[in-house]
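**Q** Please see the structure below; I have some questions.
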Amino acid sequence: MLKTFDKYILKEIAAPFGVGLAIYTFTLLINMIFILSHTLISKGATTFTIMKILLYLLPDLLAFTIPMATLMGVLAGMSRMSTDSEIVALRTMGVSNFRILKPIIMFSVITWIVSSILIMYVAPESNYQFQKLKTKIMLSRAMSNIKPRTFNREFPTYVLYFNDIDNRTNEWKDVFLYSRRDRKRDNIILAEKGRIIQDKDKRRSFFALKNATLHSFDKKNPGKNYFTTSHINSSEEIPEFTNIKQARQSQQLTFPDLIKKMKEYPDNILLAREFHRKFALPFACLALGFLALSLGISTKKGGKVSGFIISLGIIFIYYTTITTFQNLVVKKIVSPFLGMWAPNFFLLASGIIFYLYSSKEKSLNWEKIFTPFRKLARMVGREKIPSTDSTSKLRIFKRTDIYIMKKMISMLILIFVSLMLVFYIVRIVELIDSVIENNVPFFYVFKYVYYNTPEMISFVLPVSILTSVLLTFSLMSKNNEITAVQVSGISLYRVAIPAIFLGVFLSIGYFMIQEKITPDANKKAMRTLDTIYKRKSNTEIEFDKFWVSGKNNFLYFYDFLEKNKSRYRNFTAIQFDEDFKMKLRLTSKYAIWSNKDTLILRDGFRRKFKDNIPEEYTEFTSERLEIQGGKSLFLKRISFPQHMNISQLKEYIKYLKNNRSDPGRYEAKLYYKYSFPFSSLIMVLIAIPFSFKMGKRGTLYGIGIAVGISMIFWGAFGISSAMGSSGFLSPFISAFAPIILFSTISIWLFINIKT
């Protein structure tokens, strides 16, 4: 049975543990929310599927974050008790450090068991199911994201093109289908109408075509054996590619499956590493819990805040060390056992040293770490609300505004710095693996983090202002300052003005960062990342189009571009009549530009048609082909939205429209750049009613509310933005719908508060 003392200790560490778990898991999820939303919704995934994938990801993330949260919970709880002299009081009552250790070990064992179950059984299966579902969605995009006047090349062995869609029947009109199923023959199918039919029972899909004509000839002897075949109804089966069998990676193996694999491949270093990882990572809960106790009871000042910040530093050291040792295992420099357990041994050794130190009733002074924060707080100032005076209300209001603003800014700075530190840790840990593997100087990691900072600010700033407003007003309520303000005749609407002003100021400030700093910083961050990954650097891609839709009903395509000779291989030009029937075909072994508007075709043939029937065939050694649009028609420039400001993005959209490319995704990004800076103001509007409703429930409750609201907001923003990029919503609605929705909810909540 648990004694009252044990329950008190467990209660003290449970709250910061929950907050830490929410913060760390949310930090890892926030990027995935945006990435998955844009990647999967644009491929036809539903919102339910996105939620399902997030649930698949959660066990793997929790196995990673539970040890981190254990450290924060124990360290924050013990630091608070030590700061409030409760540890000293317990010692005077004869309670030893060993007795305090009992509930800590109990709590750490529980998190160790949960983490072990997750990493051994739940996370591998969830990870595998996530990969299967993601692959299926990605490969199925060709079924759900087909657009007219665009060459769809995602289908195995087929290239699809059509001119328009019948709004009444949703059938394609004027269909061109190029087949590579028979390598010896050139096969083109022209159809009046068509669509894809999926037979889910038989797990097969096929093109259903109406009034289709097949054009086919022998590639080695194009002058002979040419035939056309017409069908009123025709079907072309699509090779099934949505059920690709995927081999499980080592991290996707449950513990029993891993043991079987290790028996089959006893010398596999990756399997051995994974075996020890499944034990070592959960054991970190015990090691981190013991170290946190030793540090917490030795702390003089700082409370839960110091515990949170110190835990970030320890987490960074631990995960940097474990990532480094994993790479040493792969390179066979150290054994899998030593590589995976060495960081835990280091934590245990550190914990024992600090535990023995604290047993001598000595304290650690963390003041030097927090001196910069305290200096900053003193600069901001902490003055009290002045007493009211009926003859100088205007002056009182101004000083009240300043008082609230100072408290809010000091809170904002602390939260912003802490969250940025979390993001830095996650980014650095993610990149260490590649830095070691590619033998890149570690300097590039810090260089990338530096350039990636404006992008991080876009995620951290709204969450920081939300949390700071929540905590500022909730702490004022707890200290009865809000009551004092109301008694003096000032309404809550008036009290909220400083927060709204701060939200407007931050929104304008972030808009300036987005326009002046972020695009260039993102380019440099990508170049640095390319250096780390040792890949070709492209901040703007210009590539050659293998399939081109030209003017005067021409289609062009070729097999390969020999860049050293600047010539196309197996170049074909096809012209259709007004009824989308074959009119002319030119095919050559090579094609080269004589000037920007003229191609010289070498060693080919010309075939003329009438009503899809071949009439005339001639061979040539050289022929000129005038192309309206010229060489630029065969080039496509792709710029990344994150590398452009609003004016540059508008110019690029204009370029896409002139080149008959779909600008929908970029238009959605354009409106997103207009709407996203408002997120800081919206977070303030959301925080105000919630902070007054919280009453005196405390700091941790406020942080929990902030994390929950942030996840909902980012989820709504990510899904809405992705739906705009994929064409499910108009660009304007997709960008501003979350802003309007959350503004409406926050205003309604605020109106219903008793002021």
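Here's how to read the names in the structure tokens: chain A, B, ... by the order shown, residue numbers from 1 in each chain, ligand numbers from 1 in the order shown.
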Residues of stretch 461-634 of chain A classed as strand (DSSP E) by DSSP on the backbone are to be reported as a ChimeraX atom specification.
**A** /A:540-544,547-549,554-557,560-562,567-576,582-595,598-610,613-626
**Q** Got a sec to tell me which of stretch 22-193 of chain A DSSP assigns to helix (DSSP H, G or I), as a ChimeraX atom specification?
**A** /A:22-41,47-83,86-92,97-139,141-144
**Q** Could you give me, as an mmCIF file with C-alpha atoms, in the first residue's frame, the residues within 9 Å of A:Leu461, counting only C-alpha atoms and dropping anything in the same chain fewer than 5 positions from it?
**A**
data_model
loop_
_atom_site.group_PDB
_atom_site.id
_atom_site.type_symbol
_atom_site.label_atom_id
_atom_site.label_comp_id
_atom_site.auth_asym_id
_atom_site.auth_seq_id
_atom_site.Cartn_x
_atom_site.Cartn_y
_atom_site.Cartn_z
ATOM 1 C CA LEU A 412 6.628 35.302 -23.435
ATOM 2 C CA PHE A 416 9.676 31.328 -26.385
ATOM 3 C CA MET A 456 11.046 27.525 -36.329
ATOM 4 C CA LEU A 466 -0.910 31.688 -26.424
ATOM 5 C CA LEU A 506 3.751 40.095 -33.099
ATOM 6 C CA TYR A 510 6.232 37.988 -38.097
ATOM 7 C CA SER A 679 -1.991 33.249 -36.111
ATOM 8 C CA SER A 680 -0.338 35.139 -33.227
#
**Q** For A:Phe678, find every residue with an atom within 8 Å (counting only C-alpha atoms), except residues of its own chain fewer than 3 positions away, and show them as a list of chain:residue names.
**A** A:Val504, A:Ser507, A:Ser675, A:Leu681, A:Ile682, A:Ile739
**Q** Find the residues around stretch 315-327 of chain A up to 6 Å (only C-alpha atoms counted), leave out those fewer than 4 positions away in its own chain, and share them as a VMD selection string.
**A** chain A and resid 339 343 425 429
**Q** I want to know what sits within 7 Å of A:Ser691, based on only C-alpha atoms, with residues of the same chain fewer than 3 positions away left out; could you give that as a list in words?
**A**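 Contacts, with the query itself left out: Leu470, Phe473, Ser474, Ala687, Ile688 and Met694 of chain A.
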**Q** Take the selection from the previous step and output its residues with N, CA and C atoms, as a short mmCIF file (atom, residue, chain, number, x, y, z; two decimals), in the first residue's frame.
**A**
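File written: part_32.cif
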data_model
loop_
_atom_site.label_atom_id
_atom_site.label_comp_id
_atom_site.auth_asym_id
_atom_site.auth_seq_id
_atom_site.Cartn_x
_atom_site.Cartn_y
_atom_site.Cartn_z
N LEU A 470 -2.24 33.00 -21.46
CA LEU A 470 -2.95 32.11 -20.54
C LEU A 470 -2.36 32.19 -19.13
N PHE A 473 -2.69 35.93 -17.26
CA PHE A 473 -4.00 36.24 -16.70
C PHE A 473 -4.42 35.23 -15.63
N SER A 474 -4.02 33.95 -15.80
CA SER A 474 -4.39 32.96 -14.79
C SER A 474 -3.63 33.21 -13.49
N ALA A 687 -6.70 32.69 -26.24
CA ALA A 687 -6.18 32.57 -24.88
C ALA A 687 -6.97 33.41 -23.88
N ILE A 688 -7.46 34.58 -24.29
CA ILE A 688 -8.09 35.50 -23.34
C ILE A 688 -9.29 34.86 -22.63
N MET A 694 -10.04 29.80 -16.49
CA MET A 694 -9.19 28.90 -15.72
C MET A 694 -9.21 29.20 -14.23
#
**Q** Any idea what's packed within 10 Å of stretch 154-167 of chain A, counting only C-alpha atoms, ignoring anything in its chain fewer than 4 positions away? Could you give it as an mmCIF file with C-alpha atoms, in the first residue's frame?
**A**
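Contents of around.cif, freshly written:
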data_model
loop_
_atom_site.group_PDB
_atom_site.id
_atom_site.type_symbol
_atom_site.label_atom_id
_atom_site.label_comp_id
_atom_site.auth_asym_id
_atom_site.auth_seq_id
_atom_site.Cartn_x
_atom_site.Cartn_y
_atom_site.Cartn_z
ATOM 1 C CA LEU A 139 0.867 5.032 -55.042
ATOM 2 C CA SER A 140 -2.884 5.488 -55.383
ATOM 3 C CA ARG A 141 -2.629 9.207 -56.080
ATOM 4 C CA ALA A 142 -2.798 8.566 -59.796
ATOM 5 C CA MET A 143 -6.324 7.261 -59.249
ATOM 6 C CA ILE A 146 -5.800 13.185 -62.418
ATOM 7 C CA LYS A 147 -6.157 16.556 -64.110
ATOM 8 C CA PRO A 148 -6.947 17.495 -67.718
ATOM 9 C CA ARG A 149 -4.274 18.794 -70.111
ATOM 10 C CA THR A 150 -1.617 17.214 -67.905
ATOM 11 C CA GLU A 171 -15.756 11.119 -67.893
ATOM 12 C CA TRP A 172 -12.590 12.265 -69.631
ATOM 13 C CA LYS A 173 -12.930 13.743 -73.107
ATOM 14 C CA ASP A 174 -10.417 13.276 -75.952
ATOM 15 C CA VAL A 175 -8.233 10.644 -74.317
ATOM 16 C CA PHE A 176 -4.634 9.862 -75.321
ATOM 17 C CA LEU A 177 -3.133 6.705 -73.789
ATOM 18 C CA TYR A 178 0.435 5.643 -74.525
ATOM 19 C CA SER A 179 1.224 2.053 -73.576
ATOM 20 C CA ARG A 180 4.636 0.510 -72.846
ATOM 21 C CA ARG A 181 3.323 -2.950 -72.038
ATOM 22 C CA ASP A 182 4.676 -4.360 -75.307
ATOM 23 C CA ARG A 183 8.316 -3.304 -75.664
ATOM 24 C CA ILE A 188 -1.142 4.564 -78.808
ATOM 25 C CA ILE A 189 -4.841 4.513 -77.959
ATOM 26 C CA LEU A 190 -7.121 7.426 -78.800
ATOM 27 C CA ALA A 191 -10.626 7.482 -77.322
ATOM 28 C CA GLU A 192 -13.597 9.794 -77.362
ATOM 29 C CA LYS A 193 -14.220 9.268 -73.624
ATOM 30 C CA GLY A 194 -12.727 7.341 -70.754
ATOM 31 C CA ARG A 195 -12.412 6.857 -67.022
ATOM 32 C CA PHE A 207 -9.153 2.199 -68.081
ATOM 33 C CA GLU A 236 -6.928 -1.561 -70.555
ATOM 34 C CA ILE A 238 -3.733 -1.266 -64.968
ATOM 35 C CA PRO A 239 -1.116 -3.412 -63.241
ATOM 36 C CA GLU A 240 -2.021 -3.591 -59.560
ATOM 37 C CA PHE A 241 0.448 -1.500 -57.627
ATOM 38 C CA TRP A 547 5.950 14.957 -72.476
ATOM 39 C CA SER A 549 1.428 19.683 -74.914
ATOM 40 C CA LEU A 555 1.830 16.535 -78.521
ATOM 41 C CA PHE A 580 -9.009 14.445 -81.764
#
**Q** Which value, in Å to one decimal, gives the distance between atom CA of A:Ile9 and atom CA of A:Phe64?
**A** 24.4 Å
